[in-house]
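Engineer: Got model_5.cif for you, mmCIF, C-alpha atoms and all ligand atoms:
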data_my_file
#
loop_
_atom_site.group_PDB
_atom_site.id
_atom_site.type_symbol
_atom_site.label_atom_id
_atom_site.label_comp_id
_atom_site.auth_asym_id
_atom_site.auth_seq_id
_atom_site.Cartn_x
_atom_site.Cartn_y
_atom_site.Cartn_z
ATOM 1 C CA MET N 1 142.116 43.354 138.092
ATOM 2 C CA SER N 2 145.163 42.839 135.907
ATOM 3 C CA SER N 3 147.014 46.029 135.038
ATOM 4 C CA PRO N 4 145.269 48.248 132.492
ATOM 5 C CA LEU N 5 146.289 48.782 128.915
ATOM 6 C CA ILE N 6 147.722 52.303 128.732
ATOM 7 C CA ILE N 7 146.690 53.421 125.250
ATOM 8 C CA ASP N 8 149.698 55.012 123.570
ATOM 9 C CA GLY N 9 148.213 57.930 121.636
ATOM 10 C CA ARG N 10 151.608 59.182 120.574
ATOM 11 C CA ALA N 11 152.533 55.894 118.867
ATOM 12 C CA ILE N 12 149.139 55.638 117.151
ATOM 13 C CA ALA N 13 149.358 59.296 116.052
ATOM 14 C CA ASP N 14 152.869 58.728 114.680
ATOM 15 C CA LYS N 15 151.600 55.828 112.589
ATOM 16 C CA ILE N 16 148.756 57.981 111.193
ATOM 17 C CA LEU N 17 151.170 60.839 110.459
ATOM 18 C CA GLY N 18 153.505 58.430 108.653
ATOM 19 C CA ASP N 19 150.571 57.248 106.501
ATOM 20 C CA CYS N 20 149.581 60.891 105.819
ATOM 21 C CA LYS N 21 153.113 61.751 104.764
ATOM 22 C CA ALA N 22 153.320 58.846 102.316
ATOM 23 C CA ARG N 23 149.857 59.497 100.832
ATOM 24 C CA SER N 24 150.589 63.217 100.597
ATOM 25 C CA ALA N 25 153.795 62.552 98.648
ATOM 26 C CA GLN N 26 151.837 60.316 96.217
ATOM 27 C CA LEU N 27 149.112 62.921 95.632
ATOM 28 C CA SER N 28 151.453 65.926 95.577
ATOM 29 C CA ALA N 29 153.815 64.769 92.816
ATOM 30 C CA PRO N 30 151.324 64.984 89.905
ATOM 31 C CA ARG N 31 149.795 68.217 91.250
ATOM 32 C CA GLY N 32 153.060 70.063 91.766
ATOM 33 C CA ARG N 33 152.026 71.204 95.229
ATOM 34 C CA SER N 34 151.547 69.774 98.724
ATOM 35 C CA PRO N 35 148.530 70.028 101.025
ATOM 36 C CA GLY N 36 148.310 73.453 102.661
ATOM 37 C CA LEU N 37 147.045 74.341 106.136
ATOM 38 C CA ALA N 38 146.511 77.875 107.442
ATOM 39 C CA VAL N 39 146.280 78.316 111.208
ATOM 40 C CA VAL N 40 145.026 81.632 112.556
ATOM 41 C CA LEU N 41 145.844 82.730 116.088
ATOM 42 C CA VAL N 42 144.471 85.918 117.626
ATOM 43 C CA GLY N 43 145.980 87.211 120.876
ATOM 44 C CA GLU N 44 148.345 85.804 123.440
ATOM 45 C CA ASN N 45 146.594 82.841 125.115
ATOM 46 C CA PRO N 46 149.601 80.662 126.097
ATOM 47 C CA ALA N 47 147.838 77.317 125.575
ATOM 48 C CA SER N 48 146.598 78.451 122.142
ATOM 49 C CA ARG N 49 150.098 79.604 121.193
ATOM 50 C CA ALA N 50 151.478 76.193 122.127
ATOM 51 C CA TYR N 51 148.814 74.355 120.068
ATOM 52 C CA VAL N 52 149.413 76.552 117.033
ATOM 53 C CA ARG N 53 153.184 76.051 117.256
ATOM 54 C CA SER N 54 152.756 72.318 117.368
ATOM 55 C CA LYS N 55 150.323 72.292 114.412
ATOM 56 C CA ASP N 56 152.786 74.336 112.352
ATOM 57 C CA LYS N 57 155.671 72.030 113.302
ATOM 58 C CA THR N 58 153.721 68.881 112.387
ATOM 59 C CA CYS N 59 152.762 70.403 109.016
ATOM 60 C CA ARG N 60 156.405 71.024 108.231
ATOM 61 C CA GLU N 61 157.423 67.501 109.266
ATOM 62 C CA LEU N 62 154.874 66.120 106.794
ATOM 63 C CA GLY N 63 156.051 68.423 103.995
ATOM 64 C CA PHE N 64 152.728 70.313 104.045
ATOM 65 C CA HIS N 65 152.560 73.982 103.099
ATOM 66 C CA SER N 66 152.045 75.754 106.453
ATOM 67 C CA VAL N 67 150.670 79.266 106.844
ATOM 68 C CA LYS N 68 150.752 80.671 110.374
ATOM 69 C CA GLU N 69 148.797 83.918 110.763
ATOM 70 C CA GLU N 70 149.274 85.604 114.120
ATOM 71 C CA LEU N 71 147.090 88.632 114.819
ATOM 72 C CA PRO N 72 147.284 90.901 117.860
ATOM 73 C CA GLU N 73 144.776 91.027 120.699
ATOM 74 C CA GLY N 74 142.336 93.784 119.733
ATOM 75 C CA THR N 75 142.102 92.668 116.092
ATOM 76 C CA LEU N 76 138.835 93.859 114.564
ATOM 77 C CA GLN N 77 136.202 91.376 113.395
ATOM 78 C CA ALA N 78 136.281 92.942 109.910
ATOM 79 C CA ASP N 79 140.053 92.435 109.647
ATOM 80 C CA LEU N 80 139.763 88.809 110.737
ATOM 81 C CA LEU N 81 136.982 88.231 108.180
ATOM 82 C CA ALA N 82 139.139 89.838 105.477
ATOM 83 C CA LEU N 83 141.949 87.403 106.327
ATOM 84 C CA ILE N 84 139.534 84.455 106.115
ATOM 85 C CA ALA N 85 138.346 85.683 102.693
ATOM 86 C CA ARG N 86 141.956 85.832 101.514
ATOM 87 C CA LEU N 87 142.667 82.289 102.754
ATOM 88 C CA ASN N 88 139.412 81.005 101.186
ATOM 89 C CA ALA N 89 140.655 82.339 97.834
ATOM 90 C CA ASP N 90 144.231 81.048 98.232
ATOM 91 C CA ALA N 91 144.658 77.974 95.996
ATOM 92 C CA ARG N 92 147.633 76.747 98.067
ATOM 93 C CA VAL N 93 145.469 76.506 101.198
ATOM 94 C CA ASP N 94 143.317 73.372 101.620
ATOM 95 C CA GLY N 95 142.543 73.785 105.306
ATOM 96 C CA ILE N 96 141.805 76.785 107.514
ATOM 97 C CA LEU N 97 141.733 76.623 111.297
ATOM 98 C CA VAL N 98 141.010 79.564 113.573
ATOM 99 C CA GLN N 99 142.297 78.703 117.025
ATOM 100 C CA SER N 100 139.574 78.763 119.665
ATOM 101 C CA PRO N 101 138.832 80.538 121.976
ATOM 102 C CA LEU N 102 138.969 83.934 120.262
ATOM 103 C CA PRO N 103 139.421 86.940 122.542
ATOM 104 C CA ALA N 104 136.295 88.995 123.288
ATOM 105 C CA PRO N 105 134.489 90.680 121.617
ATOM 106 C CA LEU N 106 135.269 88.682 118.457
ATOM 107 C CA ASP N 107 132.300 86.638 117.222
ATOM 108 C CA GLU N 108 133.609 83.094 116.829
ATOM 109 C CA GLY N 109 130.416 81.779 115.206
ATOM 110 C CA ALA N 110 130.515 84.425 112.494
ATOM 111 C CA VAL N 111 134.193 83.675 111.842
ATOM 112 C CA VAL N 112 133.535 79.938 111.490
ATOM 113 C CA ARG N 113 130.610 80.601 109.122
ATOM 114 C CA ALA N 114 132.928 82.727 106.953
ATOM 115 C CA ILE N 115 135.312 79.804 106.353
ATOM 116 C CA ASP N 116 134.773 77.977 103.040
ATOM 117 C CA PRO N 117 133.155 74.709 104.275
ATOM 118 C CA THR N 118 135.365 72.731 101.872
ATOM 119 C CA LYS N 119 138.397 74.120 103.777
ATOM 120 C CA ASP N 120 136.871 73.808 107.269
ATOM 121 C CA VAL N 121 139.212 71.062 108.523
ATOM 122 C CA ASP N 122 138.026 71.716 112.100
ATOM 123 C CA GLY N 123 134.525 70.603 111.102
ATOM 124 C CA PHE N 124 132.868 73.482 112.972
ATOM 125 C CA HIS N 125 131.017 75.092 110.026
ATOM 126 C CA PRO N 126 127.225 74.501 110.182
ATOM 127 C CA LEU N 127 127.379 72.635 106.853
ATOM 128 C CA ASN N 128 129.931 70.165 108.232
ATOM 129 C CA VAL N 129 128.020 69.780 111.507
ATOM 130 C CA ALA N 130 124.934 68.965 109.423
ATOM 131 C CA LYS N 131 126.867 66.472 107.299
ATOM 132 C CA LEU N 132 128.042 64.682 110.454
ATOM 133 C CA ALA N 133 124.468 64.562 111.751
ATOM 134 C CA LEU N 134 123.368 63.161 108.369
ATOM 135 C CA SER N 135 126.314 60.689 108.183
ATOM 136 C CA ASP N 136 127.419 62.325 104.918
ATOM 137 C CA LEU N 137 131.060 61.269 104.716
ATOM 138 C CA SER N 138 132.062 64.097 102.353
ATOM 139 C CA GLY N 139 132.213 66.582 105.242
ATOM 140 C CA PHE N 140 134.811 67.209 107.933
ATOM 141 C CA VAL N 141 134.467 65.780 111.438
ATOM 142 C CA PRO N 142 136.084 67.700 114.337
ATOM 143 C CA CYS N 143 139.591 66.421 115.006
ATOM 144 C CA THR N 144 139.379 65.512 118.700
ATOM 145 C CA PRO N 145 136.275 63.285 118.371
ATOM 146 C CA LEU N 146 137.787 61.698 115.274
ATOM 147 C CA GLY N 147 140.964 61.057 117.283
ATOM 148 C CA CYS N 148 138.997 59.459 120.148
ATOM 149 C CA GLN N 149 137.167 57.152 117.742
ATOM 150 C CA ARG N 150 140.421 56.147 116.060
ATOM 151 C CA LEU N 151 142.142 55.512 119.421
ATOM 152 C CA LEU N 152 139.355 53.138 120.441
ATOM 153 C CA LEU N 153 139.560 51.368 117.089
ATOM 154 C CA GLU N 154 143.361 51.029 117.195
ATOM 155 C CA ALA N 155 143.295 49.864 120.830
ATOM 156 C CA GLY N 156 140.853 47.095 119.869
ATOM 157 C CA VAL N 157 137.979 48.466 121.972
ATOM 158 C CA GLU N 158 134.693 47.406 120.364
ATOM 159 C CA VAL N 159 132.132 50.182 120.772
ATOM 160 C CA ALA N 160 129.342 48.514 118.755
ATOM 161 C CA GLY N 161 126.513 47.797 121.174
ATOM 162 C CA ALA N 162 128.537 49.181 124.092
ATOM 163 C CA HIS N 163 127.324 51.922 126.416
ATOM 164 C CA VAL N 164 129.566 54.933 125.839
ATOM 165 C CA VAL N 165 129.143 57.813 128.279
ATOM 166 C CA VAL N 166 130.458 61.130 126.993
ATOM 167 C CA LEU N 167 131.038 63.703 129.721
ATOM 168 C CA GLY N 168 130.711 67.176 128.194
ATOM 169 C CA ARG N 169 128.458 68.568 125.472
ATOM 170 C CA SER N 170 130.692 70.981 123.551
ATOM 171 C CA LEU N 171 130.587 71.005 119.774
ATOM 172 C CA ILE N 172 134.394 70.596 119.698
ATOM 173 C CA VAL N 173 134.219 67.287 121.577
ATOM 174 C CA GLY N 174 131.157 65.890 123.358
ATOM 175 C CA LYS N 175 128.314 66.621 120.961
ATOM 176 C CA SER N 176 130.326 65.697 117.865
ATOM 177 C CA LEU N 177 131.698 62.504 119.422
ATOM 178 C CA ALA N 178 128.176 61.422 120.350
ATOM 179 C CA LEU N 179 127.039 61.930 116.739
ATOM 180 C CA LEU N 180 130.057 60.010 115.467
ATOM 181 C CA LEU N 181 129.734 56.987 117.779
ATOM 182 C CA MET N 182 125.977 56.601 117.356
ATOM 183 C CA GLN N 183 126.302 56.321 113.566
ATOM 184 C CA LYS N 184 126.020 53.008 111.782
ATOM 185 C CA GLY N 185 129.271 51.351 110.763
ATOM 186 C CA PRO N 186 132.776 50.371 111.865
ATOM 187 C CA GLY N 187 134.021 52.144 114.980
ATOM 188 C CA ALA N 188 130.456 53.201 115.806
ATOM 189 C CA ASP N 189 127.027 51.626 116.527
ATOM 190 C CA ALA N 190 127.393 52.561 120.196
ATOM 191 C CA THR N 191 124.658 53.327 122.698
ATOM 192 C CA VAL N 192 125.623 56.870 123.634
ATOM 193 C CA THR N 193 124.733 58.910 126.698
ATOM 194 C CA VAL N 194 125.842 62.541 126.815
ATOM 195 C CA ALA N 195 126.100 63.747 130.403
ATOM 196 C CA HIS N 196 127.085 67.196 131.655
ATOM 197 C CA SER N 197 127.209 69.508 134.655
ATOM 198 C CA ARG N 198 123.394 69.509 134.987
ATOM 199 C CA SER N 199 122.964 65.727 134.755
ATOM 200 C CA ARG N 200 121.262 64.206 137.778
ATOM 201 C CA ASP N 201 122.968 61.261 139.502
ATOM 202 C CA LEU N 202 126.059 61.444 137.351
ATOM 203 C CA ARG N 203 127.799 58.642 139.214
ATOM 204 C CA ALA N 204 125.053 56.135 138.394
ATOM 205 C CA ILE N 205 125.430 57.105 134.730
ATOM 206 C CA THR N 206 129.210 56.775 134.616
ATOM 207 C CA ARG N 207 129.135 53.524 136.587
ATOM 208 C CA SER N 208 126.882 51.996 133.941
ATOM 209 C CA ALA N 209 129.352 52.829 131.153
ATOM 210 C CA ASP N 210 131.507 50.379 129.239
ATOM 211 C CA VAL N 211 133.466 53.333 127.861
ATOM 212 C CA ILE N 212 133.750 56.792 129.434
ATOM 213 C CA VAL N 213 135.045 59.774 127.471
ATOM 214 C CA ALA N 214 135.858 62.678 129.792
ATOM 215 C CA ALA N 215 135.734 66.078 128.096
ATOM 216 C CA ILE N 216 134.847 68.319 131.006
ATOM 217 C CA GLY N 217 137.809 70.681 131.176
ATOM 218 C CA ARG N 218 138.512 70.337 134.898
ATOM 219 C CA ALA N 219 141.268 68.317 136.558
ATOM 220 C CA ASN N 220 140.347 65.282 138.693
ATOM 221 C CA SER N 221 136.683 65.310 137.665
ATOM 222 C CA LEU N 222 136.411 61.543 137.199
ATOM 223 C CA ARG N 223 137.417 59.469 140.219
ATOM 224 C CA ALA N 224 137.722 55.803 141.069
ATOM 225 C CA ASP N 225 134.202 55.562 142.567
ATOM 226 C CA ASP N 226 132.706 56.931 139.333
ATOM 227 C CA VAL N 227 133.971 53.987 137.282
ATOM 228 C CA ARG N 228 133.075 50.328 137.300
ATOM 229 C CA ASP N 229 135.690 47.571 137.095
ATOM 230 C CA GLY N 230 136.786 46.818 133.547
ATOM 231 C CA ALA N 231 135.722 50.135 132.005
ATOM 232 C CA VAL N 232 137.645 51.862 129.227
ATOM 233 C CA VAL N 233 138.438 55.532 129.925
ATOM 234 C CA ILE N 234 139.411 58.136 127.337
ATOM 235 C CA ASP N 235 140.654 61.386 128.873
ATOM 236 C CA VAL N 236 140.258 64.408 126.594
ATOM 237 C CA GLY N 237 141.189 66.976 129.266
ATOM 238 C CA ILE N 238 144.319 69.082 129.037
ATOM 239 C CA ASN N 239 144.545 71.137 132.237
ATOM 240 C CA ARG N 240 147.495 73.144 133.494
ATOM 241 C CA VAL N 241 148.103 72.711 137.224
ATOM 242 C CA ASP N 242 150.761 74.645 139.152
ATOM 243 C CA ASP N 243 153.879 72.616 139.800
ATOM 244 C CA PRO N 244 156.912 74.433 141.197
ATOM 245 C CA THR N 245 159.061 71.326 140.576
ATOM 246 C CA ASP N 246 158.477 71.625 136.816
ATOM 247 C CA LYS N 247 160.710 74.091 134.968
ATOM 248 C CA ARG N 248 157.638 75.592 133.246
ATOM 249 C CA GLY N 249 155.978 76.089 136.648
ATOM 250 C CA TYR N 250 153.062 73.865 135.656
ATOM 251 C CA ARG N 251 152.297 70.371 134.414
ATOM 252 C CA LEU N 252 149.499 69.009 132.270
ATOM 253 C CA VAL N 253 146.865 66.702 133.691
ATOM 254 C CA GLY N 254 143.646 65.345 132.234
ATOM 255 C CA ASP N 255 140.086 65.394 133.562
ATOM 256 C CA VAL N 256 140.577 61.956 135.113
ATOM 257 C CA ASP N 257 142.236 61.145 138.438
ATOM 258 C CA PHE N 258 144.568 58.766 136.612
ATOM 259 C CA ALA N 259 146.208 57.209 139.697
ATOM 260 C CA GLY N 260 142.827 56.359 141.238
ATOM 261 C CA VAL N 261 140.946 55.347 138.085
ATOM 262 C CA ALA N 262 143.584 53.422 136.100
ATOM 263 C CA PRO N 263 143.733 50.341 138.382
ATOM 264 C CA LYS N 264 139.999 49.734 137.782
ATOM 265 C CA CYS N 265 140.235 50.030 134.000
ATOM 266 C CA ARG N 266 140.629 47.593 131.156
ATOM 267 C CA ALA N 267 142.243 50.407 129.164
ATOM 268 C CA ILE N 268 142.895 54.107 129.721
ATOM 269 C CA THR N 269 144.594 57.007 127.934
ATOM 270 C CA PRO N 270 147.323 58.988 129.706
ATOM 271 C CA VAL N 271 147.695 62.794 129.701
ATOM 272 C CA PRO N 272 149.903 63.839 128.052
ATOM 273 C CA GLY N 273 150.394 61.210 125.340
ATOM 274 C CA GLY N 274 146.805 60.084 124.815
ATOM 275 C CA VAL N 275 144.181 62.081 122.935
ATOM 276 C CA GLY N 276 146.342 65.212 122.447
ATOM 277 C CA PRO N 277 148.670 63.844 119.730
ATOM 278 C CA MET N 278 145.652 62.243 118.012
ATOM 279 C CA THR N 279 143.931 65.617 117.594
ATOM 280 C CA ILE N 280 146.859 66.968 115.588
ATOM 281 C CA ALA N 281 147.157 63.748 113.580
ATOM 282 C CA MET N 282 143.472 63.960 112.600
ATOM 283 C CA LEU N 283 143.913 67.618 111.651
ATOM 284 C CA MET N 284 146.608 66.548 109.210
ATOM 285 C CA ALA N 285 144.362 63.711 107.969
ATOM 286 C CA ASN N 286 141.503 66.194 107.428
ATOM 287 C CA THR N 287 143.832 68.574 105.562
ATOM 288 C CA LEU N 288 144.956 65.718 103.335
ATOM 289 C CA LYS N 289 141.312 64.750 102.738
ATOM 290 C CA SER N 290 140.555 68.328 101.661
ATOM 291 C CA PHE N 291 143.569 68.293 99.335
ATOM 292 C CA ALA N 292 142.478 64.969 97.832
ATOM 293 C CA GLN N 293 138.884 66.200 97.311
ATOM 294 C CA ARG N 294 139.951 69.464 95.652
ATOM 295 C CA ALA N 295 139.936 69.589 91.853
ATOM 296 C CA VAL N 296 143.521 69.437 90.576
HETATM 297 N N1 LIG V 1 140.887 74.905 120.708
HETATM 298 C C1 LIG V 1 140.939 73.729 121.383
HETATM 299 N N2 LIG V 1 140.748 72.700 120.532
HETATM 300 C C2 LIG V 1 140.589 73.228 119.305
HETATM 301 C C3 LIG V 1 140.352 72.664 118.024
HETATM 302 O O1 LIG V 1 140.244 71.445 117.828
HETATM 303 N N3 LIG V 1 140.251 73.546 117.004
HETATM 304 C C4 LIG V 1 140.340 74.886 117.180
HETATM 305 N N4 LIG V 1 140.203 75.678 116.120
HETATM 306 N N5 LIG V 1 140.551 75.443 118.353
HETATM 307 C C5 LIG V 1 140.668 74.611 119.407
#
If you convert what's in this file into structure tokens, what do you get?
Ligand code: GUN

Structural biologist:
Amino acid sequence: MSSPLIIDGRAIADKILGDCKARSAQLSAPRGRSPGLAVVLVGENPASRAYVRSKDKTCRELGFHSVKEELPEGTLQADLLALIARLNADARVDGILVQSPLPAPLDEGAVVRAIDPTKDVDGFHPLNVAKLALSDLSGFVPCTPLGCQRLLLEAGVEVAGAHVVVLGRSLIVGKSLALLLMQKGPGADATVTVAHSRSRDLRAITRSADVIVAAIGRANSLRADDVRDGAVVIDVGINRVDDPTDKRGYRLVGDVDFAGVAPKCRAITPVPGGVGPMTIAMLMANTLKSFAQRAV
């Protein structure tokens, strides 16, 4: 095999963010305001804190109005719902994202259902899930699946007619990506298999894939023997593994054993620098879409 294409998610995300910034400036001038995104964080989860910081920073770089709401661990459901109601009514806010996972005993489903679906830039509200299932383009599609689809498109990987195996069945990634790629149209028309921890003979499934998307949430889950020569591998995992040589004490790795799998691939995404930056770029794109759809 010749060496694989390492898909540069950061460069592709930067291009998308540049387009968002330009389009936002065009739309903002006549309206006298910029797109607004509110990000809600409850508790102290370090990974969640890092994601929220980076979403806020990207908003500012694009000239978006950024609202960061940080609530303490132990916040009551009623107080969180009151905050959502306030953000729903805030005309400067086009997008609302509540960082997942919420600490127990908060009811994440009830919180998502309380978000105005026209501001649900995460695409987790039942109305937006239904719109994705119905291929109604007016809704919001979750950012990570949207980012995976866009990466494949930008990297020149044709998924039409291809066998795409999605590992993981979460709404945030696996289930939504399957819905997206099985649709009719550009960047879709794939034959999709969703496999998970209970799938029998997983290796036979992954070895029959033209494209594998790993969204399992465990380091080193996909290994060289699981992949056939010439496959394309998209690694959605972001796992912290202890590393005393790193000044943070940990480093980030994906779900894929990159060193083992990459030599067999036609193309593969690295971690970090693959899907991660795309998720934030698509969040900004969804926020801009909400802004554009809102009555002036
Ligand atoms: N936690 C991990 N990924 C996501 C995401 O895309 N949206 C939200 N709200 N929380 C997350």

Engineer: Just give me the gap between atom CA of Leu71 of chain N and atom CA of Arg294 of chain N in Å, one decimal is fine.

Structural biologist: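 Result for atom CA of Leu71 of chain N versus atom CA of Arg294 of chain N: 28.0 Å, one decimal.
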
Engineer: Here is a test: counting all atoms listed in the file, which residue of N:Thr144, N:Ser135, N:Gln149, N:Ser199 is nearest to Ile172 of chain N?

Structural biologist: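 The closest residue to Ile172 of chain N is N:Thr144.
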
Engineer: Could you list, as a CSV table (one decimal) with C-alpha atoms, keeping the file's coordinate frame, all residues that come within 9 Å of ligand LIG 1 (chain V)? Count all atoms listed in the file.

Structural biologist:
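Listed below is the output, pocket_7.csv:
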chain,number,residue,atom,x,y,z
N,39,VAL,CA,146.3,78.3,111.2
N,40,VAL,CA,145.0,81.6,112.6
N,47,ALA,CA,147.8,77.3,125.6
N,48,SER,CA,146.6,78.5,122.1
N,51,TYR,CA,148.8,74.4,120.1
N,96,ILE,CA,141.8,76.8,107.5
N,97,LEU,CA,141.7,76.6,111.3
N,98,VAL,CA,141.0,79.6,113.6
N,99,GLN,CA,142.3,78.7,117.0
N,100,SER,CA,139.6,78.8,119.7
N,101,PRO,CA,138.8,80.5,122.0
N,102,LEU,CA,139.0,83.9,120.3
N,121,VAL,CA,139.2,71.1,108.5
N,122,ASP,CA,138.0,71.7,112.1
N,123,GLY,CA,134.5,70.6,111.1
N,124,PHE,CA,132.9,73.5,113.0
N,142,PRO,CA,136.1,67.7,114.3
N,143,CYS,CA,139.6,66.4,115.0
N,144,THR,CA,139.4,65.5,118.7
N,172,ILE,CA,134.4,70.6,119.7
N,173,VAL,CA,134.2,67.3,121.6
N,279,THR,CA,143.9,65.6,117.6
N,280,ILE,CA,146.9,67.0,115.6
N,283,LEU,CA,143.9,67.6,111.7

Engineer: Decode the PyMOL selection byres (((chain N and resi 42) around 6) and not hetatm) for the given file into explicit residues and return them as a list in words.

Structural biologist: Leu41, Gly43, Glu70, Leu71, Pro72 and Glu73 of chain N

Engineer: Of the residues N:Ala231, N:Leu202, N:Leu137, N:Ala214, which is the one nearest to Gly185 of chain N, using only C-alpha atoms?

Structural biologist: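 Result for the nearest residue to Gly185 of chain N: N:Leu137.
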
Engineer: Run the PyMOL selection byres (((chain N and resi 35) around 9) and not hetatm) mentally over the shown coordinates, then write out the matched residues as a list in words, using the chain letters and numbers from the document.

Structural biologist: Ser24, Leu27, Ser28, Arg33, Ser34, Gly36, Leu37, Gly63, Phe64, His65, Ser66, Arg92, Val93, Asp94, Gly95, Thr287, Leu288, Ser290, Phe291 and Ala292 of chain N

Engineer: With the PyMOL selection byres (((chain N and resi 181) around 12) and not hetatm) as the selection, what would be picked from this file? Answer as a PDB file with C-alpha atoms, in the frame of the given file, please.

Structural biologist:
ATOM      1  CA  LEU N 132     128.042  64.682 110.454  1.00  0.00           C
ATOM      2  CA  ALA N 133     124.468  64.562 111.751  1.00  0.00           C
ATOM      3  CA  SER N 135     126.314  60.689 108.183  1.00  0.00           C
ATOM      4  CA  VAL N 141     134.467  65.780 111.438  1.00  0.00           C
ATOM      5  CA  PRO N 145     136.275  63.285 118.371  1.00  0.00           C
ATOM      6  CA  LEU N 146     137.787  61.698 115.274  1.00  0.00           C
ATOM      7  CA  GLY N 147     140.964  61.057 117.283  1.00  0.00           C
ATOM      8  CA  CYS N 148     138.997  59.459 120.148  1.00  0.00           C
ATOM      9  CA  GLN N 149     137.167  57.152 117.742  1.00  0.00           C
ATOM     10  CA  ARG N 150     140.421  56.147 116.060  1.00  0.00           C
ATOM     11  CA  LEU N 152     139.355  53.138 120.441  1.00  0.00           C
ATOM     12  CA  LEU N 153     139.560  51.368 117.089  1.00  0.00           C
ATOM     13  CA  GLU N 158     134.693  47.406 120.364  1.00  0.00           C
ATOM     14  CA  VAL N 159     132.132  50.182 120.772  1.00  0.00           C
ATOM     15  CA  ALA N 160     129.342  48.514 118.755  1.00  0.00           C
ATOM     16  CA  GLY N 161     126.513  47.797 121.174  1.00  0.00           C
ATOM     17  CA  ALA N 162     128.537  49.181 124.092  1.00  0.00           C
ATOM     18  CA  HIS N 163     127.324  51.922 126.416  1.00  0.00           C
ATOM     19  CA  VAL N 164     129.566  54.933 125.839  1.00  0.00           C
ATOM     20  CA  VAL N 165     129.143  57.813 128.279  1.00  0.00           C
ATOM     21  CA  VAL N 166     130.458  61.130 126.993  1.00  0.00           C
ATOM     22  CA  VAL N 173     134.219  67.287 121.577  1.00  0.00           C
ATOM     23  CA  GLY N 174     131.157  65.890 123.358  1.00  0.00           C
ATOM     24  CA  LYS N 175     128.314  66.621 120.961  1.00  0.00           C
ATOM     25  CA  SER N 176     130.326  65.697 117.865  1.00  0.00           C
ATOM     26  CA  LEU N 177     131.698  62.504 119.422  1.00  0.00           C
ATOM     27  CA  ALA N 178     128.176  61.422 120.350  1.00  0.00           C
ATOM     28  CA  LEU N 179     127.039  61.930 116.739  1.00  0.00           C
ATOM     29  CA  LEU N 180     130.057  60.010 115.467  1.00  0.00           C
ATOM     30  CA  MET N 182     125.977  56.601 117.356  1.00  0.00           C
ATOM     31  CA  GLN N 183     126.302  56.321 113.566  1.00  0.00           C
ATOM     32  CA  LYS N 184     126.020  53.008 111.782  1.00  0.00           C
ATOM     33  CA  GLY N 185     129.271  51.351 110.763  1.00  0.00           C
ATOM     34  CA  PRO N 186     132.776  50.371 111.865  1.00  0.00           C
ATOM     35  CA  GLY N 187     134.021  52.144 114.980  1.00  0.00           C
ATOM     36  CA  ALA N 188     130.456  53.201 115.806  1.00  0.00           C
ATOM     37  CA  ASP N 189     127.027  51.626 116.527  1.00  0.00           C
ATOM     38  CA  ALA N 190     127.393  52.561 120.196  1.00  0.00           C
ATOM     39  CA  THR N 191     124.658  53.327 122.698  1.00  0.00           C
ATOM     40  CA  VAL N 192     125.623  56.870 123.634  1.00  0.00           C
ATOM     41  CA  THR N 193     124.733  58.910 126.698  1.00  0.00           C
ATOM     42  CA  VAL N 194     125.842  62.541 126.815  1.00  0.00           C
ATOM     43  CA  VAL N 211     133.466  53.333 127.861  1.00  0.00           C
ATOM     44  CA  VAL N 213     135.045  59.774 127.471  1.00  0.00           C
TER      45      VAL N 213
END

Engineer: Name the residues in contact with Arg266 of chain N at a cut-off of 12 Å, using only C-alpha atoms, excluding same-chain residues fewer than 2 positions from it; report them as number ranges by chain.

Structural biologist: N: 1-7, 155-157, 210-212, 227-234, 261-264, 268-269

Engineer: Can you report as JSON the centre and edge lengths in Å, to one decimal, of an axis-aligned box around the listed atoms of segment 208-216 of chain N padded with 3 Å on each side?

Structural biologist:
{"center_x": 131.4, "center_y": 59.3, "center_z": 130.7, "size_x": 15.0, "size_y": 23.9, "size_z": 12.5}

Engineer: Figure out the distance between atom CA of Arg240 of chain N and atom CA of Ala224 of chain N, please, to one decimal in Å.

Structural biologist: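 Interatomic distance here is 21.3 Å.
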
Engineer: Can you tell me how far atom CA of Glu44 of chain N sits from atom CA of Ala82 of chain N, in Å to one decimal?

Structural biologist: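 Distance reported for this atom pair: 20.6 Å.
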
Engineer: Nearest residue to Ala11 of chain N out of N:Ala281, N:Ile205, N:Ala50, N:Ala267, using all atoms listed in the file?

Structural biologist: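 The closest residue to Ala11 of chain N is N:Ala281.
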